[in-house]
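For reference, start30.pdb (PDB, C-alpha atoms and all ligand atoms):
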ATOM      1  CA  MET H  71     217.967 157.556 222.194  1.00  0.00           C
ATOM      2  CA  ALA H  72     219.298 159.052 218.948  1.00  0.00           C
ATOM      3  CA  PRO H  73     221.960 157.049 217.125  1.00  0.00           C
ATOM      4  CA  ALA H  74     225.471 158.504 217.202  1.00  0.00           C
ATOM      5  CA  ASP H  75     225.657 158.445 213.401  1.00  0.00           C
ATOM      6  CA  CYS H  76     222.225 159.480 212.180  1.00  0.00           C
ATOM      7  CA  THR H  77     221.787 158.744 208.472  1.00  0.00           C
ATOM      8  CA  SER H  78     218.264 160.046 208.095  1.00  0.00           C
ATOM      9  CA  GLY H  79     219.251 162.348 205.181  1.00  0.00           C
ATOM     10  CA  ASP H  80     218.161 165.774 203.968  1.00  0.00           C
ATOM     11  CA  PRO H  81     214.780 165.573 202.190  1.00  0.00           C
ATOM     12  CA  ALA H  82     215.758 168.485 199.916  1.00  0.00           C
ATOM     13  CA  GLN H  83     218.671 166.463 198.505  1.00  0.00           C
ATOM     14  CA  ASP H  84     217.747 162.860 199.133  1.00  0.00           C
ATOM     15  CA  PRO H  85     214.846 161.058 197.376  1.00  0.00           C
ATOM     16  CA  LEU H  86     214.888 158.246 199.953  1.00  0.00           C
ATOM     17  CA  ALA H  87     214.486 160.784 202.782  1.00  0.00           C
ATOM     18  CA  ARG H  88     211.564 162.348 200.877  1.00  0.00           C
ATOM     19  CA  ALA H  89     210.014 158.905 200.381  1.00  0.00           C
ATOM     20  CA  ARG H  90     210.352 158.235 204.118  1.00  0.00           C
ATOM     21  CA  LEU H  91     208.513 161.453 205.038  1.00  0.00           C
ATOM     22  CA  ALA H  92     205.783 160.574 202.512  1.00  0.00           C
ATOM     23  CA  MET H  93     205.539 157.085 204.063  1.00  0.00           C
ATOM     24  CA  VAL H  94     204.880 158.594 207.504  1.00  0.00           C
ATOM     25  CA  THR H  95     202.262 161.024 206.222  1.00  0.00           C
ATOM     26  CA  GLY H  96     200.519 158.809 203.671  1.00  0.00           C
ATOM     27  CA  GLN H  97     200.681 155.332 205.258  1.00  0.00           C
ATOM     28  CA  ILE H  98     201.053 155.826 209.001  1.00  0.00           C
ATOM     29  CA  ALA H  99     199.540 159.144 210.172  1.00  0.00           C
ATOM     30  CA  ALA H 100     196.785 158.706 207.551  1.00  0.00           C
ATOM     31  CA  ARG H 101     195.781 155.387 209.178  1.00  0.00           C
ATOM     32  CA  GLY H 102     195.502 156.964 212.634  1.00  0.00           C
ATOM     33  CA  VAL H 103     198.889 156.609 214.349  1.00  0.00           C
ATOM     34  CA  LYS H 104     199.129 159.836 216.361  1.00  0.00           C
ATOM     35  CA  ASP H 105     201.922 159.588 218.951  1.00  0.00           C
ATOM     36  CA  PRO H 106     204.348 162.336 217.872  1.00  0.00           C
ATOM     37  CA  ARG H 107     207.363 160.470 219.287  1.00  0.00           C
ATOM     38  CA  VAL H 108     206.481 157.376 217.271  1.00  0.00           C
ATOM     39  CA  LEU H 109     205.957 159.437 214.102  1.00  0.00           C
ATOM     40  CA  ASP H 110     209.339 161.143 214.683  1.00  0.00           C
ATOM     41  CA  ALA H 111     211.051 157.773 215.131  1.00  0.00           C
ATOM     42  CA  MET H 112     209.501 156.501 211.886  1.00  0.00           C
ATOM     43  CA  ARG H 113     210.745 159.670 210.147  1.00  0.00           C
ATOM     44  CA  ALA H 114     214.255 159.190 211.547  1.00  0.00           C
ATOM     45  CA  VAL H 115     215.080 155.508 210.991  1.00  0.00           C
ATOM     46  CA  PRO H 116     216.396 154.771 207.471  1.00  0.00           C
ATOM     47  CA  ARG H 117     214.356 151.664 206.521  1.00  0.00           C
ATOM     48  CA  HIS H 118     216.338 151.377 203.277  1.00  0.00           C
ATOM     49  CA  GLU H 119     219.398 150.397 205.355  1.00  0.00           C
ATOM     50  CA  PHE H 120     217.529 147.355 206.723  1.00  0.00           C
ATOM     51  CA  VAL H 121     216.408 145.791 203.407  1.00  0.00           C
ATOM     52  CA  PRO H 122     218.516 143.917 200.845  1.00  0.00           C
ATOM     53  CA  ALA H 123     220.455 146.291 198.555  1.00  0.00           C
ATOM     54  CA  THR H 124     218.345 145.246 195.550  1.00  0.00           C
ATOM     55  CA  LEU H 125     215.169 146.444 197.341  1.00  0.00           C
ATOM     56  CA  ARG H 126     216.345 149.859 198.582  1.00  0.00           C
ATOM     57  CA  GLU H 127     214.123 151.696 196.124  1.00  0.00           C
ATOM     58  CA  ASP H 128     211.098 149.795 197.504  1.00  0.00           C
ATOM     59  CA  ALA H 129     211.947 150.432 201.161  1.00  0.00           C
ATOM     60  CA  TYR H 130     209.278 153.119 201.693  1.00  0.00           C
ATOM     61  CA  GLY H 131     206.427 151.244 200.001  1.00  0.00           C
ATOM     62  CA  ASP H 132     203.337 150.141 201.908  1.00  0.00           C
ATOM     63  CA  SER H 133     204.311 146.485 202.321  1.00  0.00           C
ATOM     64  CA  PRO H 134     206.511 143.907 204.005  1.00  0.00           C
ATOM     65  CA  LEU H 135     209.647 142.932 202.044  1.00  0.00           C
ATOM     66  CA  PRO H 136     211.715 139.731 201.942  1.00  0.00           C
ATOM     67  CA  ILE H 137     214.960 139.776 203.957  1.00  0.00           C
ATOM     68  CA  GLY H 138     216.160 136.233 203.169  1.00  0.00           C
ATOM     69  CA  HIS H 139     215.796 132.894 205.006  1.00  0.00           C
ATOM     70  CA  GLY H 140     212.054 132.967 204.207  1.00  0.00           C
ATOM     71  CA  GLN H 141     211.565 135.945 206.552  1.00  0.00           C
ATOM     72  CA  THR H 142     210.286 139.513 206.105  1.00  0.00           C
ATOM     73  CA  ILE H 143     210.667 143.052 207.381  1.00  0.00           C
ATOM     74  CA  SER H 144     207.147 144.087 208.454  1.00  0.00           C
ATOM     75  CA  GLN H 145     204.956 146.702 206.719  1.00  0.00           C
ATOM     76  CA  PRO H 146     205.902 150.192 208.035  1.00  0.00           C
ATOM     77  CA  TYR H 147     202.354 150.886 209.291  1.00  0.00           C
ATOM     78  CA  ILE H 148     202.382 147.706 211.392  1.00  0.00           C
ATOM     79  CA  VAL H 149     205.769 148.632 212.905  1.00  0.00           C
ATOM     80  CA  ALA H 150     204.400 152.082 213.815  1.00  0.00           C
ATOM     81  CA  LEU H 151     201.117 150.680 215.170  1.00  0.00           C
ATOM     82  CA  MET H 152     202.862 148.088 217.368  1.00  0.00           C
ATOM     83  CA  THR H 153     205.241 150.772 218.616  1.00  0.00           C
ATOM     84  CA  GLU H 154     202.377 153.134 219.489  1.00  0.00           C
ATOM     85  CA  LEU H 155     200.452 150.344 221.255  1.00  0.00           C
ATOM     86  CA  ALA H 156     203.545 149.716 223.398  1.00  0.00           C
ATOM     87  CA  ARG H 157     203.314 153.284 224.823  1.00  0.00           C
ATOM     88  CA  PRO H 158     207.132 153.530 225.023  1.00  0.00           C
ATOM     89  CA  SER H 159     208.731 155.882 227.526  1.00  0.00           C
ATOM     90  CA  PRO H 160     212.373 156.921 227.834  1.00  0.00           C
ATOM     91  CA  SER H 161     213.157 154.772 230.882  1.00  0.00           C
ATOM     92  CA  ASP H 162     211.628 151.543 229.487  1.00  0.00           C
ATOM     93  CA  ARG H 163     213.467 148.264 228.925  1.00  0.00           C
ATOM     94  CA  VAL H 164     212.075 146.403 225.924  1.00  0.00           C
ATOM     95  CA  LEU H 165     212.254 142.842 224.656  1.00  0.00           C
ATOM     96  CA  GLU H 166     211.659 142.292 220.946  1.00  0.00           C
ATOM     97  CA  VAL H 167     211.141 138.681 219.828  1.00  0.00           C
ATOM     98  CA  GLY H 168     212.014 138.279 216.131  1.00  0.00           C
ATOM     99  CA  THR H 169     214.836 140.713 215.279  1.00  0.00           C
ATOM    100  CA  GLY H 170     214.650 139.979 211.533  1.00  0.00           C
ATOM    101  CA  SER H 171     216.322 142.938 209.810  1.00  0.00           C
ATOM    102  CA  GLY H 172     216.694 144.987 213.030  1.00  0.00           C
ATOM    103  CA  TYR H 173     214.324 147.738 211.814  1.00  0.00           C
ATOM    104  CA  GLN H 174     211.673 147.448 214.550  1.00  0.00           C
ATOM    105  CA  ALA H 175     214.479 147.358 217.138  1.00  0.00           C
ATOM    106  CA  ALA H 176     215.939 150.575 215.671  1.00  0.00           C
ATOM    107  CA  VAL H 177     212.537 152.312 215.845  1.00  0.00           C
ATOM    108  CA  LEU H 178     212.055 151.222 219.467  1.00  0.00           C
ATOM    109  CA  SER H 179     215.603 152.252 220.350  1.00  0.00           C
ATOM    110  CA  GLN H 180     214.734 155.888 219.615  1.00  0.00           C
ATOM    111  CA  LEU H 181     212.002 155.843 222.253  1.00  0.00           C
ATOM    112  CA  VAL H 182     213.248 153.785 225.206  1.00  0.00           C
ATOM    113  CA  ALA H 183     216.350 153.187 227.354  1.00  0.00           C
ATOM    114  CA  ARG H 184     217.335 149.666 226.222  1.00  0.00           C
ATOM    115  CA  VAL H 185     216.164 147.188 223.588  1.00  0.00           C
ATOM    116  CA  PHE H 186     216.966 143.467 223.845  1.00  0.00           C
ATOM    117  CA  SER H 187     216.133 141.682 220.607  1.00  0.00           C
ATOM    118  CA  ILE H 188     216.289 137.923 220.033  1.00  0.00           C
ATOM    119  CA  GLU H 189     216.293 136.126 216.673  1.00  0.00           C
ATOM    120  CA  LEU H 190     216.123 132.397 215.959  1.00  0.00           C
ATOM    121  CA  VAL H 191     217.919 132.485 212.578  1.00  0.00           C
ATOM    122  CA  ASP H 192     221.576 133.069 213.398  1.00  0.00           C
ATOM    123  CA  PRO H 193     222.633 134.755 210.080  1.00  0.00           C
ATOM    124  CA  LEU H 194     219.739 137.255 210.491  1.00  0.00           C
ATOM    125  CA  ALA H 195     220.774 137.970 214.087  1.00  0.00           C
ATOM    126  CA  GLN H 196     224.372 138.549 212.939  1.00  0.00           C
ATOM    127  CA  SER H 197     223.424 140.814 210.067  1.00  0.00           C
ATOM    128  CA  ALA H 198     220.878 142.837 212.098  1.00  0.00           C
ATOM    129  CA  ALA H 199     223.445 143.330 214.887  1.00  0.00           C
ATOM    130  CA  SER H 200     225.986 144.542 212.340  1.00  0.00           C
ATOM    131  CA  THR H 201     223.516 146.974 210.689  1.00  0.00           C
ATOM    132  CA  LEU H 202     222.444 148.384 214.058  1.00  0.00           C
ATOM    133  CA  ARG H 203     226.085 148.788 215.114  1.00  0.00           C
ATOM    134  CA  ARG H 204     227.045 150.483 211.819  1.00  0.00           C
ATOM    135  CA  LEU H 205     224.161 152.962 212.144  1.00  0.00           C
ATOM    136  CA  GLY H 206     224.951 153.770 215.776  1.00  0.00           C
ATOM    137  CA  TYR H 207     221.942 152.270 217.592  1.00  0.00           C
ATOM    138  CA  ALA H 208     224.035 151.674 220.671  1.00  0.00           C
ATOM    139  CA  ASN H 209     221.200 150.855 223.105  1.00  0.00           C
ATOM    140  CA  VAL H 210     220.138 147.703 221.192  1.00  0.00           C
ATOM    141  CA  THR H 211     221.528 144.273 222.111  1.00  0.00           C
ATOM    142  CA  VAL H 212     220.832 141.425 219.682  1.00  0.00           C
ATOM    143  CA  ARG H 213     221.106 137.762 220.578  1.00  0.00           C
ATOM    144  CA  SER H 214     220.710 134.644 218.510  1.00  0.00           C
ATOM    145  CA  GLY H 215     218.300 132.205 220.208  1.00  0.00           C
ATOM    146  CA  ASP H 216     214.748 131.025 220.794  1.00  0.00           C
ATOM    147  CA  GLY H 217     212.533 133.966 221.770  1.00  0.00           C
ATOM    148  CA  TYR H 218     209.688 131.616 222.711  1.00  0.00           C
ATOM    149  CA  LEU H 219     211.519 131.415 226.017  1.00  0.00           C
ATOM    150  CA  GLY H 220     212.027 135.184 226.278  1.00  0.00           C
ATOM    151  CA  TRP H 221     215.330 136.474 227.673  1.00  0.00           C
ATOM    152  CA  PRO H 222     215.289 135.419 231.357  1.00  0.00           C
ATOM    153  CA  ASP H 223     218.687 136.972 232.204  1.00  0.00           C
ATOM    154  CA  GLU H 224     217.459 140.474 231.298  1.00  0.00           C
ATOM    155  CA  ALA H 225     213.828 140.134 232.506  1.00  0.00           C
ATOM    156  CA  PRO H 226     211.547 141.700 233.598  1.00  0.00           C
ATOM    157  CA  PHE H 227     210.586 144.051 230.745  1.00  0.00           C
ATOM    158  CA  ASP H 228     208.281 147.082 230.589  1.00  0.00           C
ATOM    159  CA  ILE H 229     207.391 146.189 226.990  1.00  0.00           C
ATOM    160  CA  ILE H 230     207.548 142.977 224.959  1.00  0.00           C
ATOM    161  CA  VAL H 231     206.970 143.201 221.196  1.00  0.00           C
ATOM    162  CA  VAL H 232     206.625 139.903 219.346  1.00  0.00           C
ATOM    163  CA  THR H 233     207.049 140.243 215.576  1.00  0.00           C
ATOM    164  CA  ALA H 234     206.217 136.649 214.605  1.00  0.00           C
ATOM    165  CA  ALA H 235     202.975 134.818 215.345  1.00  0.00           C
ATOM    166  CA  PRO H 236     202.574 132.134 218.048  1.00  0.00           C
ATOM    167  CA  GLU H 237     199.382 130.052 218.170  1.00  0.00           C
ATOM    168  CA  GLU H 238     199.136 130.916 221.867  1.00  0.00           C
ATOM    169  CA  VAL H 239     200.848 133.582 223.953  1.00  0.00           C
ATOM    170  CA  PRO H 240     204.071 132.010 225.289  1.00  0.00           C
ATOM    171  CA  ALA H 241     203.850 131.677 229.086  1.00  0.00           C
ATOM    172  CA  ALA H 242     207.506 132.692 229.481  1.00  0.00           C
ATOM    173  CA  LEU H 243     206.815 136.071 227.849  1.00  0.00           C
ATOM    174  CA  LEU H 244     203.879 136.818 230.141  1.00  0.00           C
ATOM    175  CA  ALA H 245     206.017 135.837 233.121  1.00  0.00           C
ATOM    176  CA  GLN H 246     208.801 138.208 231.977  1.00  0.00           C
ATOM    177  CA  LEU H 247     206.435 141.212 231.672  1.00  0.00           C
ATOM    178  CA  LYS H 248     206.622 143.721 234.565  1.00  0.00           C
ATOM    179  CA  PRO H 249     203.469 144.719 236.443  1.00  0.00           C
ATOM    180  CA  GLY H 250     202.244 147.745 234.465  1.00  0.00           C
ATOM    181  CA  GLY H 251     203.831 146.309 231.294  1.00  0.00           C
ATOM    182  CA  ARG H 252     202.521 145.877 227.738  1.00  0.00           C
ATOM    183  CA  LEU H 253     202.910 142.819 225.490  1.00  0.00           C
ATOM    184  CA  ILE H 254     202.069 143.262 221.798  1.00  0.00           C
ATOM    185  CA  VAL H 255     201.743 139.996 219.913  1.00  0.00           C
ATOM    186  CA  PRO H 256     200.005 138.617 216.803  1.00  0.00           C
ATOM    187  CA  VAL H 257     198.237 135.435 217.934  1.00  0.00           C
ATOM    188  CA  GLY H 258     196.798 132.806 215.618  1.00  0.00           C
ATOM    189  CA  ARG H 259     197.271 129.881 213.291  1.00  0.00           C
ATOM    190  CA  VAL H 260     200.358 129.472 211.144  1.00  0.00           C
ATOM    191  CA  TRP H 261     200.062 131.041 207.669  1.00  0.00           C
ATOM    192  CA  ASP H 262     196.533 132.295 208.468  1.00  0.00           C
ATOM    193  CA  VAL H 263     195.152 135.669 209.578  1.00  0.00           C
ATOM    194  CA  GLN H 264     196.142 136.375 213.176  1.00  0.00           C
ATOM    195  CA  ASP H 265     194.772 138.697 215.839  1.00  0.00           C
ATOM    196  CA  LEU H 266     197.121 141.500 216.906  1.00  0.00           C
ATOM    197  CA  GLN H 267     196.706 141.626 220.679  1.00  0.00           C
ATOM    198  CA  LEU H 268     197.640 144.222 223.294  1.00  0.00           C
ATOM    199  CA  ILE H 269     198.071 142.406 226.603  1.00  0.00           C
ATOM    200  CA  GLU H 270     198.489 144.501 229.737  1.00  0.00           C
ATOM    201  CA  LYS H 271     199.562 143.370 233.190  1.00  0.00           C
ATOM    202  CA  ASP H 272     198.317 145.638 235.982  1.00  0.00           C
ATOM    203  CA  ALA H 273     200.111 146.467 239.222  1.00  0.00           C
ATOM    204  CA  SER H 274     198.551 143.445 240.942  1.00  0.00           C
ATOM    205  CA  GLY H 275     199.646 141.121 238.120  1.00  0.00           C
ATOM    206  CA  ARG H 276     196.171 140.742 236.547  1.00  0.00           C
ATOM    207  CA  VAL H 277     196.265 140.407 232.761  1.00  0.00           C
ATOM    208  CA  THR H 278     193.792 141.907 230.255  1.00  0.00           C
ATOM    209  CA  THR H 279     193.797 141.314 226.498  1.00  0.00           C
ATOM    210  CA  ARG H 280     192.488 143.594 223.756  1.00  0.00           C
ATOM    211  CA  SER H 281     192.154 142.620 220.078  1.00  0.00           C
ATOM    212  CA  ILE H 282     193.452 145.373 217.827  1.00  0.00           C
ATOM    213  CA  ILE H 283     193.328 144.336 214.142  1.00  0.00           C
ATOM    214  CA  PRO H 284     193.703 141.255 211.940  1.00  0.00           C
ATOM    215  CA  VAL H 285     197.294 140.829 210.711  1.00  0.00           C
ATOM    216  CA  ARG H 286     199.477 138.325 208.882  1.00  0.00           C
ATOM    217  CA  PHE H 287     202.888 137.464 210.341  1.00  0.00           C
ATOM    218  CA  VAL H 288     205.366 134.670 209.736  1.00  0.00           C
ATOM    219  CA  PRO H 289     205.113 131.980 212.459  1.00  0.00           C
ATOM    220  CA  LEU H 290     206.911 132.205 215.790  1.00  0.00           C
ATOM    221  CA  VAL H 291     208.738 128.906 215.574  1.00  0.00           C
ATOM    222  CA  LYS H 292     208.068 126.707 218.585  1.00  0.00           C
ATOM    223  CA  ARG H 293     210.764 124.144 219.180  1.00  0.00           C
ATOM    224  CA  ARG H 294     209.703 120.950 220.887  1.00  0.00           C
ATOM    225  CA  ASP H 295     211.565 122.014 224.018  1.00  0.00           C
ATOM    226  CA  SER H 296     210.189 125.626 224.007  1.00  0.00           C
TER     227      SER H 296
HETATM  228  C1  LIG H 301     208.330 139.356 210.543  1.00  0.00           C
HETATM  229  S1  LIG H 301     209.975 138.891 210.916  1.00  0.00           S
HETATM  230  C2  LIG H 301     210.502 140.171 211.992  1.00  0.00           C
HETATM  231  C3  LIG H 301     210.656 141.510 211.427  1.00  0.00           C
HETATM  232  C4  LIG H 301     211.578 142.342 212.268  1.00  0.00           C
HETATM  233  N1  LIG H 301     211.001 142.722 213.530  1.00  0.00           N
HETATM  234  C5  LIG H 301     212.101 143.521 211.493  1.00  0.00           C
HETATM  235  O1  LIG H 301     211.963 144.656 211.967  1.00  0.00           O
HETATM  236  O2  LIG H 301     212.686 143.281 210.437  1.00  0.00           O
HETATM  237  C6  LIG H 301     209.834 137.606 212.149  1.00  0.00           C
HETATM  238  C7  LIG H 301     211.148 137.105 212.677  1.00  0.00           C
HETATM  239  O3  LIG H 301     210.899 136.245 213.784  1.00  0.00           O
HETATM  240  C8  LIG H 301     211.902 135.257 213.769  1.00  0.00           C
HETATM  241  N2  LIG H 301     211.470 134.129 214.624  1.00  0.00           N
HETATM  242  C9  LIG H 301     210.582 133.135 214.365  1.00  0.00           C
HETATM  243  N3  LIG H 301     210.477 132.309 215.419  1.00  0.00           N
HETATM  244  C10 LIG H 301     211.325 132.779 216.372  1.00  0.00           C
HETATM  245  C11 LIG H 301     211.657 132.353 217.700  1.00  0.00           C
HETATM  246  N4  LIG H 301     211.109 131.271 218.268  1.00  0.00           N
HETATM  247  N5  LIG H 301     212.557 133.101 218.384  1.00  0.00           N
HETATM  248  C12 LIG H 301     213.133 134.215 217.838  1.00  0.00           C
HETATM  249  N6  LIG H 301     212.856 134.658 216.586  1.00  0.00           N
HETATM  250  C13 LIG H 301     211.956 133.941 215.873  1.00  0.00           C
HETATM  251  C14 LIG H 301     212.029 134.911 212.305  1.00  0.00           C
HETATM  252  O4  LIG H 301     213.233 134.222 212.031  1.00  0.00           O
HETATM  253  C15 LIG H 301     211.941 136.296 211.664  1.00  0.00           C
HETATM  254  O5  LIG H 301     213.209 136.857 211.467  1.00  0.00           O
END
In structure tokens, how does this file's structure come out?
Amino acid sequence: MAPADCTSGDPAQDPLARARLAMVTGQIAARGVKDPRVLDAMRAVPRHEFVPATLREDAYGDSPLPIGHGQTISQPYIVALMTELARPSPSDRVLEVGTGSGYQAAVLSQLVARVFSIELVDPLAQSAASTLRRLGYANVTVRSGDGYLGWPDEAPFDIIVVTAAPEEVPAALLAQLKPGGRLIVPVGRVWDVQDLQLIEKDASGRVTTRSIIPVRFVPLVKRRDS
């Protein structure tokens, strides 16, 4: 779903828009992401609106960036790869765990019907919700809370994207995945290299797991009661 107020800019006039197109060609398509809808979404969403004002000029570089509270906005290639692995379709309902800046939610929102995104750090949830609202991403709902438990009131989901790393796949997330659904999650030890996994639940509820690539994410915080 396109935002009501699209700020993607005219590449002829706007250096940030040119940098964004170069990011898609040089960092994302060049590494093998092929889904044209995903590439279009990455071309459309203004990443510079989701980073701190002092880092706008760096927004289209090939790296994660700090967003405050010890957290990061993920590398653009990883956002595109996770989105492609999710195989989003226009009728899908998606849960994102780890809203952070709101950027991954904005990318997903272009490709699916609804995005529900949950963030543990309340000031990040507030600021992401306000950015998404300002930019017109009306099909995203952000909530402050513990995503280890998923979002039971809105479950089940066609897609669950986890953008922080648990040591083990949270049982609640698997339970909230529809038959036929995809769960994309980096699994592994805190502050170590993790394994980006694509977990699929078939129509009979059987789960298969595929390792995609090694990645490094901030930890998915597990509260004692999670
Ligand atoms: C790598 S950042 C997410 C990047 C984000 N998807 C973006 O596009 O900017 C990981 C986020 O997960 C959040 N997080 C960590 N543990 C969490 C939990 N149990 N529930 C919800 N969010 C959590 C962190 O606070 C952080 O904002």
As AutoDock Vina command-line options, what would the box around ligand LIG 301 (chain H) look like: edges along x, y and z, 5 Å added on every side, centre and edge lengths in Å to one decimal?
--center_x 210.8 --center_y 138.0 --center_z 214.4 --size_x 14.9 --size_y 23.4 --size_z 17.9
Identify, counting only C-alpha atoms and all ligand atoms, the protein, DNA and RNA residues located within 6 Å of ligand LIG 301 (chain H), and give them as a tab-separated table (two decimals) with C-alpha atoms, in the frame of the given file.
chain	number	residue	atom	x	y	z
H	141	GLN	CA	211.56	135.94	206.55
H	142	THR	CA	210.29	139.51	206.10
H	143	ILE	CA	210.67	143.05	207.38
H	144	SER	CA	207.15	144.09	208.45
H	167	VAL	CA	211.14	138.68	219.83
H	168	GLY	CA	212.01	138.28	216.13
H	169	THR	CA	214.84	140.71	215.28
H	170	GLY	CA	214.65	139.98	211.53
H	171	SER	CA	216.32	142.94	209.81
H	172	GLY	CA	216.69	144.99	213.03
H	173	TYR	CA	214.32	147.74	211.81
H	174	GLN	CA	211.67	147.45	214.55
H	188	ILE	CA	216.29	137.92	220.03
H	189	GLU	CA	216.29	136.13	216.67
H	190	LEU	CA	216.12	132.40	215.96
H	191	VAL	CA	217.92	132.49	212.58
H	216	ASP	CA	214.75	131.02	220.79
H	217	GLY	CA	212.53	133.97	221.77
H	218	TYR	CA	209.69	131.62	222.71
H	233	THR	CA	207.05	140.24	215.58
H	234	ALA	CA	206.22	136.65	214.60
H	287	PHE	CA	202.89	137.46	210.34
H	288	VAL	CA	205.37	134.67	209.74
H	289	PRO	CA	205.11	131.98	212.46
H	290	LEU	CA	206.91	132.21	215.79
H	291	VAL	CA	208.74	128.91	215.57
H	292	LYS	CA	208.07	126.71	218.58
* **Result set, the PyMOL selection byres (((chain H and resi 273) around 7) and not hetatm) on current file, as a ChimeraX atom specification** => /H:249-250,271-272,274-275
* Could you tell me which residues the PyMOL selection byres (((chain H and resi 185) around 9) and not hetatm) returns for this structure, as a VMD selection string? => chain H and resid 162 to 166 175 to 176 178 to 179 182 to 184 186 to 187 209 to 212
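Counting all atoms listed in the file, the residue from H:Glu154, H:Asp80, H:Asp128, H:Glu119 that sits nearest to Lys104 in chain H is H:Glu154.
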* Asked: Around (208.2, 136.7, 230.9) in the file's own coordinates, what residues are found within 12 Å if you use all atoms listed in the file, given back as a ChimeraX atom specification?
  -> /H:164-167,217-231,239-249,251-253,271
* To do: Could you expand the PyMOL selection byres (((chain H and resi 116) around 9) and not hetatm) into the explicit residues it covers here, written as a list in words?
  => Cys76, Thr77, Ser78, Gly79, Leu86, Ala87, Arg90, Met112, Arg113, Ala114, Val115, Arg117, His118, Glu119, Phe120, Ala129 and Tyr173 of chain H
Only C-alpha atoms, please: the residues just picked out, written as a PDB file, in the frame of the given file.
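Printed below is part_19.pdb as written:
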ATOM      1  CA  CYS H  76     222.225 159.480 212.180  1.00  0.00           C
ATOM      2  CA  THR H  77     221.787 158.744 208.472  1.00  0.00           C
ATOM      3  CA  SER H  78     218.264 160.046 208.095  1.00  0.00           C
ATOM      4  CA  GLY H  79     219.251 162.348 205.181  1.00  0.00           C
ATOM      5  CA  LEU H  86     214.888 158.246 199.953  1.00  0.00           C
ATOM      6  CA  ALA H  87     214.486 160.784 202.782  1.00  0.00           C
ATOM      7  CA  ARG H  90     210.352 158.235 204.118  1.00  0.00           C
ATOM      8  CA  MET H 112     209.501 156.501 211.886  1.00  0.00           C
ATOM      9  CA  ARG H 113     210.745 159.670 210.147  1.00  0.00           C
ATOM     10  CA  ALA H 114     214.255 159.190 211.547  1.00  0.00           C
ATOM     11  CA  VAL H 115     215.080 155.508 210.991  1.00  0.00           C
ATOM     12  CA  ARG H 117     214.356 151.664 206.521  1.00  0.00           C
ATOM     13  CA  HIS H 118     216.338 151.377 203.277  1.00  0.00           C
ATOM     14  CA  GLU H 119     219.398 150.397 205.355  1.00  0.00           C
ATOM     15  CA  PHE H 120     217.529 147.355 206.723  1.00  0.00           C
ATOM     16  CA  ALA H 129     211.947 150.432 201.161  1.00  0.00           C
ATOM     17  CA  TYR H 173     214.324 147.738 211.814  1.00  0.00           C
TER      18      TYR H 173
END
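When only C-alpha atoms are used to measure the gap to Gly131 in chain H, the shortest distance among H:Ala111, H:Ala99, H:Ala150, H:Met93 belongs to H:Met93.
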* Asked: Skipping near chain neighbours, those fewer than 6 positions away, what residues fall within 12 Å of Ala82 in chain H using only C-alpha atoms, listed as a VMD selection string?
  -> chain H and resid 88 to 89 91
* To do: Quote the spacing between CA of Ser281 in chain H and CA of Tyr130 in chain H in Å to one decimal place.
  =>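 According to the coordinates, CA of Ser281 in chain H and CA of Tyr130 in chain H are separated by 27.2 Å.
CA of Val257 in chain H is positioned 25.5 Å from CA of Val121 in chain H.
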Incomplete range 103-113 of chain H filled out to N, CA and C atoms as a short mmCIF file (atom, residue, chain, number, x, y, z; two decimals), keeping the file's coordinate frame:
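Wrote rebuild00.cif, looks like this:
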data_model
loop_
_atom_site.label_atom_id
_atom_site.label_comp_id
_atom_site.auth_asym_id
_atom_site.auth_seq_id
_atom_site.Cartn_x
_atom_site.Cartn_y
_atom_site.Cartn_z
N VAL H 103 197.82 156.59 213.33
CA VAL H 103 198.89 156.61 214.35
C VAL H 103 199.16 158.08 214.68
N LYS H 104 199.09 158.41 215.98
CA LYS H 104 199.13 159.84 216.36
C LYS H 104 200.31 160.21 217.24
N ASP H 105 200.88 159.25 217.97
CA ASP H 105 201.92 159.59 218.95
C ASP H 105 203.08 160.30 218.24
N PRO H 106 203.32 161.57 218.60
CA PRO H 106 204.35 162.34 217.87
C PRO H 106 205.75 161.73 218.00
N ARG H 107 206.03 161.08 219.13
CA ARG H 107 207.36 160.47 219.29
C ARG H 107 207.51 159.28 218.34
N VAL H 108 206.43 158.53 218.19
CA VAL H 108 206.48 157.38 217.27
C VAL H 108 206.63 157.88 215.83
N LEU H 109 205.86 158.90 215.47
CA LEU H 109 205.96 159.44 214.10
C LEU H 109 207.37 159.98 213.85
N ASP H 110 207.96 160.64 214.85
CA ASP H 110 209.34 161.14 214.68
C ASP H 110 210.33 159.99 214.49
N ALA H 111 210.14 158.92 215.26
CA ALA H 111 211.05 157.77 215.13
C ALA H 111 210.93 157.17 213.74
N MET H 112 209.70 157.07 213.23
CA MET H 112 209.50 156.50 211.89
C MET H 112 210.10 157.42 210.81
N ARG H 113 210.11 158.73 211.09
CA ARG H 113 210.74 159.67 210.15
C ARG H 113 212.27 159.56 210.19
#
